[in-house]
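Coordinates as given in protein25.csv (CSV, C-alpha atoms):
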```csv
chain,number,residue,atom,x,y,z
A,1,MET,CA,-24.5,41.7,50.1
A,2,SER,CA,-26.6,40.4,47.3
A,3,SER,CA,-25.2,39.9,43.8
A,4,GLN,CA,-27.6,42.6,42.5
A,5,SER,CA,-26.3,45.2,44.9
A,6,SER,CA,-22.7,44.4,44.0
A,7,GLY,CA,-23.4,45.0,40.4
A,8,VAL,CA,-21.8,41.7,39.4
A,9,LYS,CA,-23.8,39.7,36.8
A,10,LYS,CA,-23.7,35.9,36.6
A,11,PRO,CA,-22.1,34.6,33.3
A,12,THR,CA,-24.7,33.7,30.8
A,13,ARG,CA,-24.8,29.9,30.2
A,14,ARG,CA,-24.0,28.9,26.7
A,15,TYR,CA,-26.3,26.4,25.1
A,16,HIS,CA,-25.7,24.2,22.1
A,17,ARG,CA,-27.8,21.8,20.2
A,18,LYS,CA,-27.4,18.3,21.4
A,19,SER,CA,-26.2,15.7,18.9
A,20,ARG,CA,-28.0,12.4,19.1
A,21,THR,CA,-25.9,10.8,16.5
A,22,GLY,CA,-22.4,11.4,17.9
A,23,CYS,CA,-20.0,8.6,18.9
A,24,SER,CA,-20.5,6.9,22.2
A,25,GLU,CA,-17.1,8.1,23.6
A,26,CYS,CA,-18.0,11.8,23.0
A,27,ARG,CA,-21.4,11.4,24.5
A,28,ALA,CA,-20.0,9.7,27.6
A,29,ARG,CA,-17.5,12.5,28.0
A,30,ARG,CA,-20.2,15.1,27.4
A,31,ILE,CA,-18.3,16.9,24.6
A,32,LYS,CA,-19.5,17.8,21.1
A,33,CYS,CA,-18.7,15.2,18.5
A,34,ASP,CA,-18.0,16.3,14.9
A,35,GLU,CA,-19.4,12.9,13.8
A,36,THR,CA,-16.5,12.2,11.4
A,37,HIS,CA,-16.6,8.6,10.1
A,38,PRO,CA,-15.2,6.2,10.8
A,39,ILE,CA,-13.3,7.9,13.6
A,40,CYS,CA,-14.2,11.4,14.9
A,41,ARG,CA,-11.4,13.9,15.6
A,42,ASN,CA,-11.9,13.9,19.4
A,43,CYS,CA,-11.2,10.1,19.5
A,44,GLN,CA,-8.3,10.5,17.1
A,45,ARG,CA,-6.7,13.1,19.4
A,46,ALA,CA,-7.4,11.0,22.5
A,47,SER,CA,-6.4,7.7,20.9
A,48,LEU,CA,-9.8,6.2,21.8
A,49,ASP,CA,-11.8,3.6,20.1
A,50,CYS,CA,-14.6,5.4,18.3
A,51,HIS,CA,-18.0,3.7,18.2
A,52,TYR,CA,-21.2,4.9,16.6
A,53,ALA,CA,-24.6,3.5,17.4
A,54,ALA,CA,-26.2,1.6,14.6
A,55,GLN,CA,-28.7,3.7,12.7
A,56,CYS,CA,-32.2,2.3,12.5
A,57,SER,CA,-34.7,3.0,9.8
A,58,PRO,CA,-37.4,5.4,11.1
A,59,SER,CA,-40.1,3.1,9.6
A,60,ILE,CA,-38.9,0.1,11.6
A,61,PRO,CA,-39.0,0.7,15.3
A,62,SER,CA,-36.2,-0.9,17.3
A,63,THR,CA,-37.5,-3.7,19.5
A,64,PRO,CA,-35.7,-6.4,21.4
A,65,SER,CA,-36.9,-9.0,18.8
A,66,THR,CA,-35.1,-7.1,16.0
A,67,GLN,CA,-31.8,-6.6,17.7
A,68,PRO,CA,-29.1,-9.0,16.5
A,69,SER,CA,-27.7,-11.6,18.9
A,70,PRO,CA,-24.0,-12.5,18.9
A,71,SER,CA,-24.8,-15.6,16.8
A,72,THR,CA,-26.8,-13.7,14.2
A,73,ASN,CA,-25.4,-13.5,10.7
A,74,ILE,CA,-24.4,-9.9,10.0
A,75,ALA,CA,-25.4,-10.1,6.4
A,76,PRO,CA,-28.8,-8.5,7.0
A,77,LEU,CA,-27.1,-5.4,8.5
A,78,LEU,CA,-25.2,-4.7,5.3
A,79,PRO,CA,-26.3,-1.5,3.5
A,80,PRO,CA,-27.8,-1.9,0.1
A,81,ALA,CA,-25.4,-0.8,-2.6
A,82,ALA,CA,-28.0,1.0,-4.6
A,83,THR,CA,-29.0,3.5,-1.9
A,84,GLU,CA,-25.9,3.8,0.3
A,85,SER,CA,-23.9,7.0,0.1
A,86,SER,CA,-20.4,6.6,-1.2
A,87,ALA,CA,-19.0,8.4,1.8
A,88,SER,CA,-20.9,6.4,4.5
A,89,PHE,CA,-19.0,3.9,6.5
A,90,ASP,CA,-20.0,1.9,9.6
A,91,MET,CA,-18.8,-0.5,12.3
A,92,LEU,CA,-18.2,-3.4,9.9
A,93,ASP,CA,-16.1,-1.1,7.8
A,94,LEU,CA,-14.1,-0.1,10.9
A,95,SER,CA,-13.4,-3.8,11.5
A,96,LEU,CA,-12.3,-4.2,7.8
A,97,MET,CA,-9.9,-1.2,8.2
A,98,HIS,CA,-8.4,-2.9,11.3
A,99,HIS,CA,-8.0,-6.2,9.4
A,100,TYR,CA,-6.5,-4.4,6.4
A,101,ALA,CA,-3.9,-2.6,8.6
A,102,THR,CA,-2.9,-5.6,10.6
A,103,VAL,CA,-3.2,-8.5,8.3
A,104,THR,CA,-4.2,-7.9,4.6
A,105,SER,CA,-1.7,-5.1,3.9
A,106,VAL,CA,1.3,-7.3,4.9
A,107,SER,CA,0.0,-10.2,2.7
A,108,LEU,CA,-0.1,-8.5,-0.6
A,109,PHE,CA,3.3,-7.8,-2.2
A,110,GLY,CA,6.0,-8.9,0.3
A,111,GLU,CA,8.1,-7.4,3.0
A,112,GLU,CA,9.7,-4.6,1.0
A,113,GLN,CA,6.3,-3.2,0.0
A,114,LYS,CA,4.9,-3.5,3.6
A,115,GLU,CA,5.3,0.1,4.7
A,116,LEU,CA,3.7,1.4,1.5
A,117,TRP,CA,0.6,-0.8,1.8
A,118,GLN,CA,0.3,-0.8,5.6
A,119,ILE,CA,0.9,2.9,6.3
A,120,GLU,CA,1.1,5.2,3.2
A,121,ILE,CA,-1.9,4.0,1.3
A,122,PRO,CA,-4.3,4.1,4.4
A,123,ILE,CA,-3.1,7.7,4.9
A,124,MET,CA,-4.0,8.4,1.3
A,125,ALA,CA,-7.4,6.7,1.6
A,126,ARG,CA,-8.3,8.6,4.8
A,127,SER,CA,-9.2,11.7,2.7
A,128,ASN,CA,-10.2,9.9,-0.5
A,129,PRO,CA,-13.4,7.8,-0.7
A,130,LEU,CA,-12.2,6.1,-3.9
A,131,LEU,CA,-9.2,4.6,-2.3
A,132,MET,CA,-11.1,3.8,0.9
A,133,HIS,CA,-13.6,1.7,-1.1
A,134,GLY,CA,-10.8,-0.1,-2.8
A,135,LEU,CA,-9.0,-0.8,0.5
A,136,LEU,CA,-12.1,-2.0,2.3
A,137,ALA,CA,-13.2,-4.2,-0.7
A,138,THR,CA,-9.7,-5.9,-0.6
A,139,ALA,CA,-9.9,-6.4,3.2
A,140,ALA,CA,-13.4,-7.8,2.9
A,141,LEU,CA,-12.4,-10.2,0.1
A,142,HIS,CA,-9.4,-11.4,2.2
A,143,LEU,CA,-11.8,-12.1,5.2
A,144,ALA,CA,-14.1,-14.0,2.8
A,145,PHE,CA,-11.2,-16.0,1.7
A,146,LEU,CA,-10.2,-16.8,5.3
A,147,HIS,CA,-13.8,-17.6,6.3
A,148,LYS,CA,-14.7,-20.0,3.5
A,149,ASP,CA,-17.3,-21.8,5.6
A,150,SER,CA,-19.4,-18.6,6.0
A,151,PRO,CA,-18.1,-15.8,3.7
A,152,ALA,CA,-21.5,-14.2,2.9
A,153,ALA,CA,-21.2,-11.1,5.1
A,154,TYR,CA,-17.8,-10.3,3.8
A,155,THR,CA,-18.5,-11.0,0.2
A,156,ASN,CA,-21.6,-8.8,0.3
A,157,ARG,CA,-19.5,-6.0,1.8
A,158,ALA,CA,-16.7,-6.6,-0.7
A,159,LEU,CA,-19.1,-6.3,-3.6
A,160,HIS,CA,-20.6,-3.2,-2.1
A,161,HIS,CA,-17.3,-1.3,-1.8
A,162,HIS,CA,-16.0,-2.7,-5.1
A,163,SER,CA,-19.2,-1.4,-6.9
A,164,LEU,CA,-19.0,2.1,-5.3
A,165,GLY,CA,-15.3,2.4,-5.9
A,166,LEU,CA,-15.6,1.3,-9.6
A,167,GLU,CA,-18.3,3.9,-10.1
A,168,LEU,CA,-16.1,6.7,-8.8
A,169,PHE,CA,-13.1,5.3,-10.8
A,170,ASN,CA,-15.0,5.2,-14.1
A,171,ALA,CA,-16.1,8.8,-13.6
A,172,GLU,CA,-12.5,10.0,-13.0
A,173,ILE,CA,-10.6,7.9,-15.5
A,174,THR,CA,-12.4,9.6,-18.4
A,175,THR,CA,-10.5,12.9,-17.6
A,176,LEU,CA,-7.1,11.3,-17.1
A,177,SER,CA,-4.2,13.2,-18.6
A,178,ALA,CA,-0.4,13.5,-18.1
A,179,GLU,CA,-1.0,16.6,-15.9
A,180,ASN,CA,-3.8,15.1,-13.9
A,181,SER,CA,-2.9,15.4,-10.2
A,182,LYS,CA,-5.3,12.5,-9.4
A,183,SER,CA,-3.3,10.0,-11.4
A,184,PRO,CA,-1.5,8.6,-8.3
A,185,ILE,CA,-5.0,7.9,-6.7
A,186,LEU,CA,-6.3,6.3,-9.9
A,187,PHE,CA,-3.1,4.2,-10.3
A,188,THR,CA,-3.4,3.0,-6.7
A,189,PHE,CA,-7.1,2.1,-7.1
A,190,GLY,CA,-6.1,0.4,-10.3
A,191,LEU,CA,-3.8,-1.8,-8.3
A,192,PHE,CA,-6.7,-2.6,-5.9
A,193,LEU,CA,-8.7,-3.6,-9.0
A,194,VAL,CA,-5.9,-5.9,-10.1
A,195,LEU,CA,-5.9,-7.6,-6.7
A,196,TRP,CA,-9.7,-7.9,-7.0
A,197,ALA,CA,-9.3,-9.5,-10.5
A,198,TYR,CA,-6.9,-12.1,-9.1
A,199,ALA,CA,-8.5,-12.7,-5.7
A,200,SER,CA,-12.3,-12.6,-6.5
A,201,PRO,CA,-12.2,-16.1,-8.2
A,202,THR,CA,-10.7,-17.6,-5.1
A,203,VAL,CA,-14.1,-16.8,-3.3
A,204,PRO,CA,-16.8,-18.8,-5.2
A,205,SER,CA,-19.7,-16.6,-4.0
A,206,VAL,CA,-18.1,-13.6,-5.6
A,207,ARG,CA,-17.7,-15.2,-9.0
A,208,ASN,CA,-20.4,-14.6,-11.6
A,209,THR,CA,-21.8,-18.0,-12.4
A,210,THR,CA,-24.7,-16.7,-14.6
A,211,THR,CA,-22.7,-15.5,-17.6
A,212,ASP,CA,-22.2,-17.6,-20.7
A,213,GLU,CA,-18.7,-16.2,-21.2
A,214,LEU,CA,-15.9,-18.8,-21.5
A,215,GLU,CA,-13.7,-19.2,-18.5
A,216,LEU,CA,-10.7,-18.2,-20.6
A,217,ASP,CA,-12.3,-14.9,-21.6
A,218,THR,CA,-13.1,-14.3,-17.9
A,219,LEU,CA,-9.5,-14.7,-17.0
A,220,LEU,CA,-8.3,-12.6,-19.9
A,221,SER,CA,-10.7,-9.8,-18.8
A,222,SER,CA,-9.1,-9.9,-15.4
A,223,LEU,CA,-5.6,-9.7,-16.9
A,224,ASP,CA,-6.7,-6.7,-19.0
A,225,LEU,CA,-6.9,-4.8,-15.8
A,226,VAL,CA,-3.2,-5.3,-15.3
A,227,ARG,CA,-2.5,-4.0,-18.8
A,228,GLY,CA,-4.9,-1.1,-18.2
A,229,ASN,CA,-3.0,0.0,-15.1
A,230,LYS,CA,0.2,0.0,-17.1
A,231,VAL,CA,-1.4,2.5,-19.4
A,232,ILE,CA,-2.2,4.8,-16.5
A,233,PHE,CA,1.4,4.7,-15.3
A,234,GLU,CA,2.8,5.3,-18.8
A,235,LEU,CA,0.5,8.4,-19.2
A,236,SER,CA,1.4,9.9,-15.8
A,237,SER,CA,4.6,8.3,-14.8
A,238,GLU,CA,6.3,11.5,-13.6
A,239,THR,CA,3.4,12.4,-11.3
A,240,ILE,CA,3.0,8.9,-10.0
A,241,LEU,CA,6.7,8.5,-9.3
A,242,SER,CA,6.7,11.7,-7.2
A,243,GLN,CA,4.2,10.2,-4.8
A,244,PRO,CA,4.6,7.3,-2.3
A,245,ILE,CA,2.8,4.9,-4.6
A,246,GLY,CA,5.7,5.4,-7.1
A,247,ARG,CA,7.7,3.0,-4.9
A,248,PHE,CA,5.5,0.2,-6.2
A,249,THR,CA,7.1,0.5,-9.7
A,250,ARG,CA,10.7,0.7,-8.6
A,251,PRO,CA,13.0,-2.4,-8.7
A,252,SER,CA,13.4,-4.3,-5.5
A,253,ALA,CA,16.4,-3.2,-3.4
A,254,ASP,CA,17.0,-6.8,-2.7
A,255,SER,CA,17.3,-7.7,-6.4
A,256,LEU,CA,19.7,-4.7,-6.9
A,257,SER,CA,22.0,-5.7,-4.0
A,258,ARG,CA,21.9,-9.5,-4.5
A,259,PRO,CA,24.8,-10.8,-6.7
A,260,ARG,CA,23.7,-12.4,-10.0
A,261,LEU,CA,23.7,-16.2,-9.8
A,262,ASN,CA,26.3,-17.8,-12.1
A,263,SER,CA,23.9,-20.4,-13.6
A,264,GLN,CA,21.6,-18.7,-16.1
A,265,THR,CA,19.6,-21.7,-17.2
A,266,LEU,CA,16.1,-22.9,-16.5
A,267,PRO,CA,15.3,-26.4,-15.3
A,268,LYS,CA,15.4,-28.9,-18.1
A,269,PRO,CA,11.7,-29.7,-18.2
A,270,ILE,CA,10.9,-26.0,-18.8
A,271,GLU,CA,13.7,-25.6,-21.4
A,272,ASP,CA,12.3,-28.7,-23.3
A,273,THR,CA,8.9,-27.2,-23.2
A,274,LEU,CA,10.0,-23.8,-24.6
A,275,ASP,CA,12.1,-25.6,-27.3
A,276,ASP,CA,9.0,-27.5,-28.4
A,277,LEU,CA,7.2,-24.2,-28.8
A,278,ARG,CA,9.9,-22.8,-30.9
A,279,LYS,CA,10.0,-25.7,-33.3
A,280,HIS,CA,6.5,-24.9,-34.5
A,281,VAL,CA,6.5,-21.1,-34.4
A,282,THR,CA,7.7,-19.2,-37.4
A,283,ASP,CA,5.9,-15.9,-36.8
A,284,PHE,CA,8.0,-13.1,-35.4
A,285,ILE,CA,5.3,-11.9,-33.0
A,286,GLU,CA,5.0,-15.3,-31.4
A,287,SER,CA,8.7,-16.0,-31.4
A,288,MET,CA,9.3,-12.7,-29.6
A,289,ALA,CA,6.6,-13.7,-27.0
A,290,ILE,CA,8.4,-16.9,-26.3
A,291,ASP,CA,11.8,-15.1,-25.9
A,292,GLN,CA,10.1,-12.6,-23.6
A,293,LEU,CA,8.6,-15.4,-21.5
A,294,GLU,CA,11.9,-17.2,-21.3
A,295,GLN,CA,13.7,-14.0,-20.2
A,296,TYR,CA,11.1,-13.3,-17.6
A,297,LEU,CA,11.5,-16.8,-16.2
A,298,LEU,CA,15.3,-16.4,-16.1
A,299,ASP,CA,15.0,-13.1,-14.3
A,300,THR,CA,12.5,-14.5,-11.8
A,301,VAL,CA,14.9,-17.4,-11.0
A,302,SER,CA,17.9,-15.0,-10.8
A,303,ASP,CA,16.7,-12.3,-8.5
A,304,ALA,CA,13.0,-12.0,-7.7
A,305,ALA,CA,11.8,-15.0,-5.7
A,306,ASP,CA,9.9,-13.1,-3.0
A,307,ASP,CA,8.8,-10.1,-5.0
A,308,MET,CA,5.1,-10.6,-5.3
A,309,ARG,CA,4.8,-7.9,-8.0
A,310,ARG,CA,6.4,-10.3,-10.4
A,311,PRO,CA,3.3,-12.3,-11.3
A,312,LEU,CA,1.8,-9.2,-12.7
A,313,GLY,CA,4.7,-8.5,-15.0
A,314,TRP,CA,4.3,-10.8,-17.9
A,315,PRO,CA,0.6,-9.9,-18.7
A,316,ALA,CA,1.5,-6.2,-18.4
A,317,LEU,CA,4.6,-6.4,-20.6
A,318,ALA,CA,3.3,-8.8,-23.4
A,319,GLU,CA,3.1,-7.0,-26.7
A,320,SER,CA,-0.3,-5.8,-27.9
A,321,PRO,CA,-0.3,-7.8,-31.2
A,322,PHE,CA,0.4,-11.0,-29.2
A,323,TRP,CA,-2.2,-10.2,-26.6
A,324,GLU,CA,-4.7,-9.6,-29.3
A,325,ARG,CA,-4.1,-13.0,-30.8
A,326,VAL,CA,-4.6,-14.6,-27.4
A,327,ARG,CA,-7.9,-12.7,-27.1
A,328,LYS,CA,-8.9,-14.2,-30.5
A,329,HIS,CA,-8.0,-17.7,-29.3
A,330,LYS,CA,-5.3,-18.2,-32.0
A,331,LEU,CA,-3.9,-21.6,-31.4
A,332,THR,CA,-0.1,-20.8,-31.2
A,333,ALA,CA,-0.7,-17.7,-29.1
A,334,LEU,CA,-2.9,-19.8,-26.7
A,335,LEU,CA,-0.2,-22.4,-26.3
A,336,ILE,CA,2.4,-19.8,-25.5
A,337,PHE,CA,0.1,-18.0,-23.1
A,338,LEU,CA,-0.5,-21.4,-21.4
A,339,HIS,CA,3.0,-21.2,-20.1
A,340,TYR,CA,2.1,-18.3,-17.9
A,341,ALA,CA,0.9,-21.2,-15.6
A,342,ILE,CA,4.6,-21.8,-14.7
A,343,ILE,CA,4.9,-18.3,-13.3
A,344,LEU,CA,1.6,-18.6,-11.5
A,345,ALA,CA,2.4,-21.9,-9.9
A,346,TYR,CA,5.8,-20.5,-8.9
A,347,TYR,CA,4.2,-17.7,-6.8
A,348,GLU,CA,0.6,-18.7,-5.9
A,349,LEU,CA,1.6,-20.7,-2.8
A,350,ARG,CA,2.9,-17.4,-1.3
A,351,ALA,CA,-0.1,-15.2,-2.1
A,352,TRP,CA,-3.7,-15.9,-1.1
A,353,TRP,CA,-4.9,-13.6,-3.8
A,354,MET,CA,-3.5,-15.9,-6.5
A,355,GLU,CA,-4.6,-19.2,-5.1
A,356,GLY,CA,-5.7,-21.7,-7.8
A,357,TRP,CA,-4.8,-19.5,-10.8
A,358,SER,CA,-2.4,-22.0,-12.4
A,359,ASP,CA,-5.1,-24.7,-12.4
A,360,ARG,CA,-7.7,-22.4,-13.7
A,361,LEU,CA,-5.5,-21.1,-16.5
A,362,VAL,CA,-4.6,-24.6,-17.7
A,363,ASP,CA,-8.2,-25.8,-17.5
A,364,ALA,CA,-9.5,-22.7,-19.3
A,365,VAL,CA,-7.0,-22.9,-22.2
A,366,ASN,CA,-7.5,-26.7,-22.6
A,367,GLN,CA,-11.3,-26.1,-22.8
A,368,VAL,CA,-10.7,-23.8,-25.8
A,369,LEU,CA,-8.0,-26.1,-27.3
A,370,ALA,CA,-10.5,-29.0,-27.3
A,371,THR,CA,-12.5,-27.1,-29.9
A,372,GLN,CA,-9.5,-26.3,-32.1
A,373,ASP,CA,-8.5,-28.1,-35.3
A,374,LYS,CA,-7.7,-31.7,-34.1
A,375,ASN,CA,-5.7,-32.3,-37.3
A,376,ARG,CA,-2.9,-30.2,-35.8
A,377,THR,CA,-1.1,-33.3,-34.5
A,378,ASP,CA,2.3,-31.5,-34.6
A,379,TRP,CA,1.2,-29.6,-31.5
A,380,GLY,CA,0.5,-32.9,-29.6
A,381,VAL,CA,3.5,-32.8,-27.4
A,382,CYS,CA,2.8,-29.2,-26.2
A,383,VAL,CA,-0.8,-30.0,-25.4
A,384,GLU,CA,0.1,-33.2,-23.6
A,385,ARG,CA,2.5,-31.4,-21.4
A,386,ALA,CA,0.0,-28.7,-20.5
A,387,PRO,CA,-1.0,-30.3,-17.1
A,388,ASN,CA,2.7,-30.5,-16.2
A,389,LEU,CA,3.2,-26.8,-16.4
A,390,ILE,CA,2.0,-26.3,-12.8
A,391,TYR,CA,4.5,-28.9,-11.6
A,392,SER,CA,7.2,-27.1,-13.6
A,393,GLY,CA,6.4,-24.0,-11.6
A,394,TYR,CA,7.1,-25.9,-8.4
A,395,ILE,CA,10.3,-27.2,-9.9
A,396,LEU,CA,11.3,-23.7,-10.8
A,397,ARG,CA,10.9,-22.5,-7.2
A,398,GLY,CA,12.8,-25.5,-5.9
A,399,GLU,CA,15.6,-24.8,-8.4
A,400,PHE,CA,15.8,-21.1,-7.2
A,401,GLU,CA,15.9,-22.1,-3.5
A,402,PHE,CA,18.7,-24.6,-4.3
A,403,ARG,CA,20.7,-22.0,-6.1
A,404,LEU,CA,20.4,-19.5,-3.3
A,405,LEU,CA,21.6,-22.2,-0.9
A,406,ILE,CA,24.8,-23.1,-2.8
A,407,THR,CA,25.7,-19.4,-3.2
A,408,LYS,CA,25.6,-18.7,0.5
```

Encoded form (structure tokens):
Amino acid sequence: MSSQSSGVKKPTRRYHRKSRTGCSECRARRIKCDETHPICRNCQRASLDCHYAAQCSPSIPSTPSTQPSPSTNIAPLLPPAATESSASFDMLDLSLMHHYATVTSVSLFGEEQKELWQIEIPIMARSNPLLMHGLLATAALHLAFLHKDSPAAYTNRALHHHSLGLELFNAEITTLSAENSKSPILFTFGLFLVLWAYASPTVPSVRNTTTDELELDTLLSSLDLVRGNKVIFELSSETILSQPIGRFTRPSADSLSRPRLNSQTLPKPIEDTLDDLRKHVTDFIESMAIDQLEQYLLDTVSDAADDMRRPLGWPALAESPFWERVRKHKLTALLIFLHYAIILAYYELRAWWMEGWSDRLVDAVNQVLATQDKNRTDWGVCVERAPNLIYSGYILRGEFEFRLLITK
């Protein structure tokens, strides 16, 4: 009996428009790809590696001679920052995300902050292009630091994401208020900017060598980002503390549980240096800055050896009148600020993003001091000791490790 005589109709075949830009996994499985970048939902559900074919410009036909070989530098494949959509990510970005999750995230702020930066922040960035750009810029900068012999591809991509993220950040920051629900996102991206400020000078090809700005002013502009992020937190602290990123601002559990060390003194070379500063300072603002610096050093030695948030503390907490004097290159303020090199030297051997900062700070301040009034001979001892501040930072760390040893 034929199908017509039985009255049974064959089911109508459903057609859909074929996607020629879906990921390779969906095309191989012959299922519709939603083309979500960098990982489509099908691949997310199936825990598969999601790969998209490289998109070629329609005006340049793909030929064997234009395809990159394994030895080809990937810099020519980088998208131009001026025309790239802020929501567009590609295979290099996927590699950056993998590097961030497995390497960069655990190299930033220590073991206690690991879960926040390795898990929570990537989850936040998954639905927020601003954070994704900050995250990928940091990962690219880290790879450029690790590949000093050939960093071009990574520095180009780092600058690309940094530029796009900064554009989005500047558009959002103008509407920041205490009730702004975006403040945790802005605060988090602000921390990525702080990392950029410290880390970008470690990669020479990222540094701006065309400006006539003094090196000291360049460093101070970087530290202004630290102070700016403090303003974001103070304006929206309640909202920020209610989100995972709020954990970044809380005291270390290790410092709270560890017994205070009996000895509350600094190594003698550092005490002598601070005493020399006090002999020549009569201004209350600068005396307070020295006291604040000394207390910060004491707290560091007492309970915060491995907390990589600590180097950001003193620039953020310095009083505005003192910071303004440093900005204006006032002699006494510069000499006090010079002692930040002790803190930097203490930590920079443990953080790639701070490498070389103590040397840069001492050299930059000395460059400015060389133009100051040479008749101020009463400051001679402080100036002569400036190169030893880096060594003092190493002494400080050795002193801390010795104290921990004798208390166990």

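If you measure from each of A:Asp291, A:Asp276, A:Glu25, A:Asp90 to Ala318 in chain A using only C-alpha atoms, the closest one turns out to be A:Asp291.
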
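Distances here use all atoms listed in the file; by that measure, the residue among A:Ser95, A:Thr332, A:Ser107, A:Thr371 closest to His280 in chain A is A:Thr332.
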
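The nearest approach to Asp217 in chain A among the residues A:Tyr340, A:Glu179, A:Leu166, A:Arg327, with all atoms listed in the file taken into account, belongs to A:Arg327.
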
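Nearest residue to Leu274 in chain A among A:Leu335, A:Ala140, A:Ile185, A:Leu349 is A:Leu335, counting only C-alpha atoms.
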
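The coordinates place CA of Leu225 in chain A at 20.3 Å from CA of Asp359 in chain A.
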
Name all residues at most 8 Å from range 220-222 of chain A (count all atoms listed in the file; drop same-chain ones fewer than 5 positions away) and give them as a list in words.
Val194, Ala197, Tyr198 and Arg327 of chain A
